[in-house]
>>> print(open('data.cif').read())   # mmCIF, C-alpha atoms
data_final
loop_
_atom_site.label_atom_id
_atom_site.label_comp_id
_atom_site.auth_asym_id
_atom_site.auth_seq_id
_atom_site.Cartn_x
_atom_site.Cartn_y
_atom_site.Cartn_z
CA MET N 16 -10.30 -13.83 4.07
CA LEU N 17 -12.53 -12.19 6.67
CA ASN N 18 -16.23 -12.11 5.84
CA TRP N 19 -17.43 -8.65 6.73
CA PRO N 20 -20.74 -7.82 8.40
CA ARG N 21 -21.23 -4.92 6.01
CA CYS N 22 -19.39 -2.91 3.39
CA LEU N 23 -19.45 0.86 3.09
CA GLY N 24 -18.58 2.93 0.02
CA LEU N 25 -15.13 2.23 -1.33
CA ALA N 26 -14.57 -0.51 1.23
CA SER N 27 -17.17 -2.62 -0.57
CA LEU N 28 -15.45 -2.14 -3.91
CA ALA N 29 -12.02 -2.78 -2.46
CA LEU N 30 -12.93 -5.99 -0.70
CA THR N 31 -14.81 -7.27 -3.74
CA CYS N 32 -11.79 -6.70 -5.95
CA LEU N 33 -9.44 -8.26 -3.44
CA ALA N 34 -11.60 -11.35 -3.17
CA SER N 35 -11.61 -11.75 -6.94
CA GLY N 36 -7.87 -11.15 -7.22
CA SER N 37 -8.36 -8.19 -9.54
CA ALA N 38 -6.51 -5.61 -7.48
CA PRO N 39 -3.10 -4.47 -8.77
CA GLY N 40 0.18 -5.57 -7.21
CA VAL N 41 1.13 -4.14 -3.83
CA ASP N 42 4.04 -1.89 -3.05
CA SER N 43 4.70 -2.84 0.58
CA THR N 44 6.38 0.51 1.27
CA VAL N 45 2.96 2.17 1.20
CA THR N 46 2.26 0.87 4.69
CA GLU N 47 5.06 2.92 6.22
CA LEU N 48 5.21 6.00 4.00
CA HIS N 49 5.86 9.36 5.62
CA VAL N 50 3.97 11.89 3.52
CA LYS N 51 4.26 15.67 3.69
CA TRP N 52 1.19 17.60 2.55
CA ASN N 53 1.05 21.24 1.51
CA LEU N 54 -2.44 21.99 2.73
CA THR N 55 -2.57 25.32 0.90
CA ASP N 56 -2.71 23.35 -2.35
CA LEU N 57 -5.99 21.69 -1.34
CA PRO N 58 -9.45 23.17 -1.95
CA TYR N 59 -10.84 24.81 1.17
CA VAL N 60 -13.64 22.25 1.49
CA VAL N 61 -10.96 19.54 1.79
CA ARG N 62 -8.41 21.58 3.73
CA SER N 63 -11.01 22.46 6.39
CA ARG N 64 -11.73 18.75 7.05
CA VAL N 65 -8.44 16.97 6.62
CA HIS N 66 -6.33 15.46 9.42
CA THR N 67 -2.65 15.05 8.56
CA ARG N 68 -2.21 12.57 11.42
CA ALA N 69 -4.54 9.78 12.50
CA SER N 70 -3.98 10.87 16.10
CA ASP N 71 -5.77 14.15 15.26
CA LEU N 72 -9.07 12.41 14.46
CA PRO N 73 -11.92 13.16 16.89
CA PRO N 74 -12.22 10.67 19.76
CA PHE N 75 -14.80 7.91 19.60
CA GLN N 76 -17.80 8.27 21.89
CA ILE N 77 -17.30 4.90 23.59
CA GLU N 78 -14.81 4.61 26.44
CA HIS N 79 -11.49 2.99 25.56
CA SER N 80 -11.97 0.32 28.23
CA LEU N 81 -15.16 -0.85 26.49
CA LEU N 82 -13.41 -0.99 23.13
CA LYS N 83 -10.91 -3.41 24.63
CA ASP N 84 -13.50 -5.56 26.39
CA PRO N 85 -16.73 -6.22 24.46
CA ARG N 86 -18.19 -8.19 27.36
CA SER N 87 -18.17 -5.08 29.53
CA TRP N 88 -20.61 -3.09 27.36
CA PRO N 89 -23.64 -1.93 29.42
CA THR N 90 -27.04 -3.20 28.29
CA THR N 91 -28.41 0.36 28.15
CA ARG N 92 -26.81 3.74 27.46
CA VAL N 93 -27.97 7.32 26.94
CA PHE N 94 -26.50 9.36 24.08
CA ALA N 95 -27.57 12.96 23.39
CA GLY N 96 -30.51 12.44 25.75
CA ILE N 97 -31.80 9.38 23.86
CA PRO N 98 -31.91 5.98 25.60
CA TYR N 99 -30.29 3.11 23.68
CA SER N 100 -30.30 -0.66 24.14
CA LEU N 101 -27.40 -2.98 23.40
CA ARG N 102 -27.76 -5.31 20.40
CA MET N 103 -25.43 -7.93 18.92
CA ARG N 104 -24.96 -9.73 15.64
CA SER N 105 -22.47 -12.21 14.30
CA GLY N 106 -21.80 -14.42 11.34
CA SER N 107 -19.58 -15.64 8.57
CA ASP N 108 -21.40 -16.11 5.27
CA VAL N 109 -24.75 -15.40 6.94
CA MET N 110 -25.48 -12.69 9.51
CA ARG N 111 -27.59 -13.52 12.55
CA TYR N 112 -28.67 -11.64 15.65
CA ILE N 113 -27.61 -12.92 19.05
CA ARG N 114 -28.50 -11.99 22.63
CA SER N 115 -25.11 -12.71 24.20
CA LEU N 116 -21.53 -13.31 23.14
CA ASP N 117 -21.99 -16.76 24.68
CA GLU N 118 -24.18 -17.54 21.66
CA LEU N 119 -21.27 -17.17 19.22
CA GLN N 120 -20.87 -20.30 17.10
CA PRO N 121 -17.56 -21.91 16.14
CA ASP N 122 -17.92 -20.86 12.49
CA ASP N 123 -18.71 -17.21 13.30
CA SER N 124 -15.77 -15.20 11.95
CA TRP N 125 -16.93 -11.81 13.26
CA TYR N 126 -19.31 -10.17 15.70
CA CYS N 127 -20.62 -6.64 16.28
CA LEU N 128 -21.99 -4.80 19.28
CA TYR N 129 -24.18 -1.77 18.70
CA TYR N 130 -26.81 0.40 20.32
CA ASP N 131 -30.37 0.88 19.03
CA GLY N 132 -32.37 3.86 20.19
CA ALA N 133 -35.92 5.15 20.11
CA LYS N 134 -37.73 5.37 16.76
CA GLY N 135 -35.12 3.28 14.99
CA SER N 136 -32.16 5.56 15.67
CA SER N 137 -28.78 3.88 15.95
CA GLY N 138 -25.72 4.94 17.88
CA PRO N 139 -22.20 3.55 18.19
CA GLU N 140 -21.17 0.16 16.80
CA CYS N 141 -17.94 -1.85 16.96
CA CYS N 142 -17.02 -5.03 15.08
CA TRP N 143 -14.34 -7.61 15.92
CA ASP N 144 -13.04 -10.81 14.41
CA ARG N 145 -12.66 -13.90 16.56
CA SER N 146 -9.01 -13.14 17.30
CA GLY N 147 -10.09 -9.93 19.04
CA TRP N 148 -9.09 -7.51 16.28
CA MET N 149 -11.51 -4.57 16.12
CA PHE N 150 -11.63 -3.99 12.38
CA GLU N 151 -14.40 -1.36 12.29
CA ARG N 152 -16.19 1.09 14.52
CA SER N 153 -18.90 3.60 13.62
CA TRP N 154 -21.11 6.29 15.02
CA HIS N 155 -24.55 7.19 13.66
CA THR N 156 -25.89 10.62 14.61
CA PRO N 157 -29.62 10.52 15.43
CA ASP N 158 -31.50 12.29 12.61
CA SER N 159 -34.91 11.37 11.20
CA ALA N 160 -34.33 13.09 7.83
CA ARG N 161 -30.93 11.79 6.84
CA THR N 162 -28.19 9.28 7.57
CA ILE N 163 -25.16 10.80 9.23
CA TYR N 164 -22.32 8.51 10.22
CA LEU N 165 -18.61 8.35 10.89
CA VAL N 166 -16.91 5.00 10.18
CA THR N 167 -13.33 4.06 11.01
CA THR N 168 -11.55 0.90 9.85
CA PHE N 169 -8.22 -0.40 11.07
CA TRP N 170 -5.04 -2.11 9.96
CA ARG N 171 -4.71 -5.66 11.31
CA SER N 172 -2.00 -4.29 13.60
CA GLY N 173 -4.54 -1.87 15.13
CA GLU N 174 -3.68 1.49 13.57
CA VAL N 175 -6.33 3.61 11.83
CA LEU N 176 -6.58 2.77 8.13
CA ARG N 177 -9.61 4.73 6.93
CA CYS N 178 -12.10 7.22 8.33
CA GLU N 179 -15.23 8.18 6.40
CA TRP N 180 -17.89 10.75 7.19
CA ARG N 181 -21.17 10.78 5.25
CA ASN N 182 -24.35 12.87 5.36
CA ASP N 183 -26.99 11.38 3.06
CA SER N 184 -30.67 12.29 2.71
CA GLY N 185 -31.26 10.17 -0.40
CA LYS N 186 -31.64 13.25 -2.60
CA THR N 187 -28.47 15.01 -1.45
CA TYR N 188 -25.25 13.75 0.02
CA GLU N 189 -21.82 14.84 1.15
CA TRP N 190 -18.91 12.58 2.07
CA PHE N 191 -15.29 12.85 3.07
CA GLU N 192 -12.79 10.07 3.67
CA GLU N 193 -9.15 9.79 4.72
CA PHE N 194 -6.64 6.95 4.49
CA PHE N 195 -3.64 6.66 6.79
CA THR N 196 -0.38 4.73 6.72
CA ARG N 197 0.47 2.42 9.61
CA SER N 198 2.80 5.12 10.91
CA GLY N 199 -0.23 7.44 11.21
CA ASP N 200 0.43 9.83 8.31
CA LEU N 201 -2.35 10.95 6.01
CA LEU N 202 -1.89 9.08 2.75
CA ALA N 203 -5.02 9.93 0.75
CA CYS N 204 -8.34 11.70 0.98
CA GLY N 205 -11.46 12.15 -1.10
CA TYR N 206 -14.46 14.46 -1.09
CA GLY N 207 -17.81 14.40 -2.88
CA LYS N 208 -21.11 16.27 -2.79
CA MET N 209 -24.43 16.22 -4.66
CA ASP N 210 -27.09 18.89 -4.32
CA GLY N 211 -30.85 18.57 -4.74
CA SER N 212 -30.59 19.20 -8.50
CA GLY N 213 -28.20 16.31 -9.00
CA ASN N 214 -25.13 18.50 -9.51
CA GLN N 215 -22.01 16.72 -8.26
CA VAL N 216 -18.49 17.79 -7.30
CA SER N 217 -15.64 15.61 -6.14
CA ALA N 218 -11.87 15.65 -5.64
CA ARG N 219 -9.35 12.97 -4.70
CA PHE N 220 -5.78 13.27 -3.48
CA TRP N 221 -2.99 10.73 -3.05
CA ALA N 222 0.24 11.59 -1.20
CA GLY N 223 -0.52 15.29 -1.48
CA MET N 224 -1.28 15.32 -5.21
CA GLU N 225 -4.69 15.47 -6.90
CA VAL N 226 -5.39 12.29 -8.87
CA SER N 227 -8.12 10.88 -11.07
CA GLN N 228 -10.89 8.71 -9.65
CA GLU N 229 -9.41 5.73 -11.49
CA LYS N 230 -5.95 6.29 -10.01
CA TYR N 231 -7.39 6.88 -6.54
CA THR N 232 -9.42 3.67 -6.64
CA SER N 233 -6.46 1.65 -7.93
CA GLN N 234 -4.15 2.95 -5.20
CA THR N 235 -6.66 2.43 -2.42
CA LEU N 236 -7.22 -1.14 -3.59
CA GLU N 237 -3.48 -1.68 -3.19
CA LEU N 238 -3.71 -0.22 0.27
CA TYR N 239 -6.49 -2.63 1.26
CA ARG N 240 -4.49 -5.54 -0.03
CA ALA N 241 -1.54 -4.46 2.11
CA ALA N 242 -3.77 -3.95 5.14
CA TYR N 243 -5.63 -7.26 4.85
CA PRO N 244 -3.17 -9.83 3.43
#
>>> encode(input="data.cif", output="structure tokens")
Amino acid sequence: MLNWPRCLGLASLALTCLASGSAPGVDSTVTELHVKWNLTDLPYVVRSRVHTRASDLPPFQIEHSLLKDPRSWPTTRVFAGIPYSLRMRSGSDVMRYIRSLDELQPDDSWYCLYYDGAKGSSGPECCWDRSGWMFERSWHTPDSARTIYLVTTFWRSGEVLRCEWRNDSGKTYEWFEEFFTRSGDLLACGYGKMDGSGNQVSARFWAGMEVSQEKYTSQTLELYRAAYP
């Protein structure tokens, strides 16, 4: 099983359960489901964010040619007027920072390229395994008061599996995530928010129907097992 450079939100829970063998059995048809959603049945806060097709997701801010060729990433970039410098890390059981892809070691199972900016701000990041599969890419919006990021993970065959957006100040947060079948249809989505008083709201949907958190987690674990056999 691939050793990941980091785990975010549900991905951490899913991969932990898969590693321990505690996820439920997999229905292989989930990978190719064609799901029809009635968006009018969804709360506005979900309906206003949801993408029924993976192809409708906003484009990534790194050129497609760079996504296909990690060695072509420039050593410096400017995003939103902020200069950034290229950084790299790799590892298997232990993460380490490297200066060049030539420093990859035989037992490194993954590597990531990312940009660091002024005052600790971080920009785009992409992670690959040694076969060349880009399993994750992310974008951090520069903000000194909160963490704002968009993370996308992929099926082994390259299609979008999950996209998560999060805005987190430590005292308040808001997140939204979507899961997609290999054929590109929206399969599931979840939303959550906490205000400064600690009041929380959340909703989760699977194949167009609202489900409990327990059901949602169980089904998404099955999806991860199908995506990463």
>>> closest_residue(input="data.cif", among="N:Ala69, N:Asp210, N:Leu128, N:Asp158", to="Pro89 of chain N", atoms="all atoms listed in the file")
N:Leu128
>>> resolve_selection(input="data.cif", expression="the PyMOL selection byres ((chain N and resi 219) around 10)", output="list in words")
Leu57, Val61, Phe191, Glu192, Glu193, Ala203, Cys204, Gly205, Tyr206, Gly207, Ser217, Ala218, Phe220, Trp221, Gly223, Met224, Glu225, Val226, Ser227, Gln228, Glu229, Lys230, Tyr231 and Thr232 of chain N
>>> residues_around(input="data.cif", residues="segment 111-127 of chain N", least_positions_apart="4", cutoff="12 Å", atoms="all atoms listed in the file", output="number ranges by chain")
N: 16-21, 82, 84-88, 90, 100-107, 139-153
>>> write_last_selection(input="data.cif", atoms="C-alpha atoms", output="PDB file, keeping the file's coordinate frame")
ATOM      1  CA  MET N  16     -10.300 -13.830   4.070  1.00  0.00           C
ATOM      2  CA  LEU N  17     -12.530 -12.190   6.670  1.00  0.00           C
ATOM      3  CA  ASN N  18     -16.230 -12.110   5.840  1.00  0.00           C
ATOM      4  CA  TRP N  19     -17.430  -8.650   6.730  1.00  0.00           C
ATOM      5  CA  PRO N  20     -20.740  -7.820   8.400  1.00  0.00           C
ATOM      6  CA  ARG N  21     -21.230  -4.920   6.010  1.00  0.00           C
ATOM      7  CA  LEU N  82     -13.410  -0.990  23.130  1.00  0.00           C
ATOM      8  CA  ASP N  84     -13.500  -5.560  26.390  1.00  0.00           C
ATOM      9  CA  PRO N  85     -16.730  -6.220  24.460  1.00  0.00           C
ATOM     10  CA  ARG N  86     -18.190  -8.190  27.360  1.00  0.00           C
ATOM     11  CA  SER N  87     -18.170  -5.080  29.530  1.00  0.00           C
ATOM     12  CA  TRP N  88     -20.610  -3.090  27.360  1.00  0.00           C
ATOM     13  CA  THR N  90     -27.040  -3.200  28.290  1.00  0.00           C
ATOM     14  CA  SER N 100     -30.300  -0.660  24.140  1.00  0.00           C
ATOM     15  CA  LEU N 101     -27.400  -2.980  23.400  1.00  0.00           C
ATOM     16  CA  ARG N 102     -27.760  -5.310  20.400  1.00  0.00           C
ATOM     17  CA  MET N 103     -25.430  -7.930  18.920  1.00  0.00           C
ATOM     18  CA  ARG N 104     -24.960  -9.730  15.640  1.00  0.00           C
ATOM     19  CA  SER N 105     -22.470 -12.210  14.300  1.00  0.00           C
ATOM     20  CA  GLY N 106     -21.800 -14.420  11.340  1.00  0.00           C
ATOM     21  CA  SER N 107     -19.580 -15.640   8.570  1.00  0.00           C
ATOM     22  CA  PRO N 139     -22.200   3.550  18.190  1.00  0.00           C
ATOM     23  CA  GLU N 140     -21.170   0.160  16.800  1.00  0.00           C
ATOM     24  CA  CYS N 141     -17.940  -1.850  16.960  1.00  0.00           C
ATOM     25  CA  CYS N 142     -17.020  -5.030  15.080  1.00  0.00           C
ATOM     26  CA  TRP N 143     -14.340  -7.610  15.920  1.00  0.00           C
ATOM     27  CA  ASP N 144     -13.040 -10.810  14.410  1.00  0.00           C
ATOM     28  CA  ARG N 145     -12.660 -13.900  16.560  1.00  0.00           C
ATOM     29  CA  SER N 146      -9.010 -13.140  17.300  1.00  0.00           C
ATOM     30  CA  GLY N 147     -10.090  -9.930  19.040  1.00  0.00           C
ATOM     31  CA  TRP N 148      -9.090  -7.510  16.280  1.00  0.00           C
ATOM     32  CA  MET N 149     -11.510  -4.570  16.120  1.00  0.00           C
ATOM     33  CA  PHE N 150     -11.630  -3.990  12.380  1.00  0.00           C
ATOM     34  CA  GLU N 151     -14.400  -1.360  12.290  1.00  0.00           C
ATOM     35  CA  ARG N 152     -16.190   1.090  14.520  1.00  0.00           C
ATOM     36  CA  SER N 153     -18.900   3.600  13.620  1.00  0.00           C
TER      37      SER N 153
END
>>> closest_residue(input="data.cif", among="N:Gly173, N:Gly96, N:Gly185, N:Gly138", to="Phe75 of chain N", atoms="all atoms listed in the file")
N:Gly138
>>> closest_residue(input="data.cif", among="N:Ala95, N:Trp154, N:Phe169, N:Ser136", to="Ile77 of chain N", atoms="all atoms listed in the file")
N:Trp154
>>> atom_distance(input="data.cif", atom1="atom CA of Gly211 of chain N", atom2="atom CA of Ile163 of chain N")
17.0 Å
>>> atom_distance(input="data.cif", atom1="atom CA of Arg68 of chain N", atom2="atom CA of Ser233 of chain N")
22.6 Å
>>> axis_aligned_box(input="data.cif", around="segment 221-230 of chain N", padding_each_side="3 Å", output="AutoDock Vina command-line options")
--center_x -5.3 --center_y 10.6 --center_z -6.3 --size_x 17.1 --size_y 15.7 --size_z 16.3
>>> atom_distance(input="data.cif", atom1="atom CA of Leu236 of chain N", atom2="atom CA of Arg171 of chain N")
15.8 Å
>>> closest_residue(input="data.cif", among="N:Tyr59, N:Tyr130, N:Tyr239, N:Trp180", to="Thr196 of chain N", atoms="all atoms listed in the file")
N:Tyr239
>>> residues_around(input="data.cif", residues="Ser70 of chain N", least_positions_apart="2", cutoff="12 Å", atoms="all atoms listed in the file", output="list in words")
His66, Thr67, Arg68, Leu72, Pro73, Pro74, Phe75, Glu174, Val175, Leu176, Cys178, Phe195, Thr196, Arg197, Ser198, Gly199, Asp200 and Leu201 of chain N
>>> resolve_selection(input="data.cif", expression="the PyMOL selection byres ((chain N and resi 242) around 8)", output="list in words")
Thr46, Trp170, Arg171, Leu176, Leu238, Tyr239, Arg240, Ala241, Tyr243 and Pro244 of chain N
>>> closest_residue(input="data.cif", among="N:Phe194, N:Phe94, N:Tyr164, N:Tyr188", to="Val65 of chain N", atoms="all atoms listed in the file")
N:Phe194
>>> decode(input="data.cif", residues="segment 130-144 of chain N", atoms="C-alpha atoms", output="compact mmCIF listing (two decimals), in the first residue's frame")
# COMPACT_ATOMS: atom_id res chain seq x y z
CA TYR N 130 5.99 26.25 -3.74
CA ASP N 131 6.82 28.22 -0.59
CA GLY N 132 6.25 31.95 -0.52
CA ALA N 133 7.08 34.95 1.62
CA LYS N 134 6.23 34.86 5.34
CA GLY N 135 5.55 31.13 5.29
CA SER N 136 2.75 31.21 2.73
CA SER N 137 2.38 28.11 0.57
CA GLY N 138 1.00 27.77 -2.92
CA PRO N 139 0.38 24.81 -5.22
CA GLU N 140 1.61 21.29 -4.46
CA CYS N 141 1.50 18.02 -6.41
CA CYS N 142 2.41 14.52 -5.22
CA TRP N 143 3.31 11.45 -7.31
CA ASP N 144 4.21 7.85 -6.65
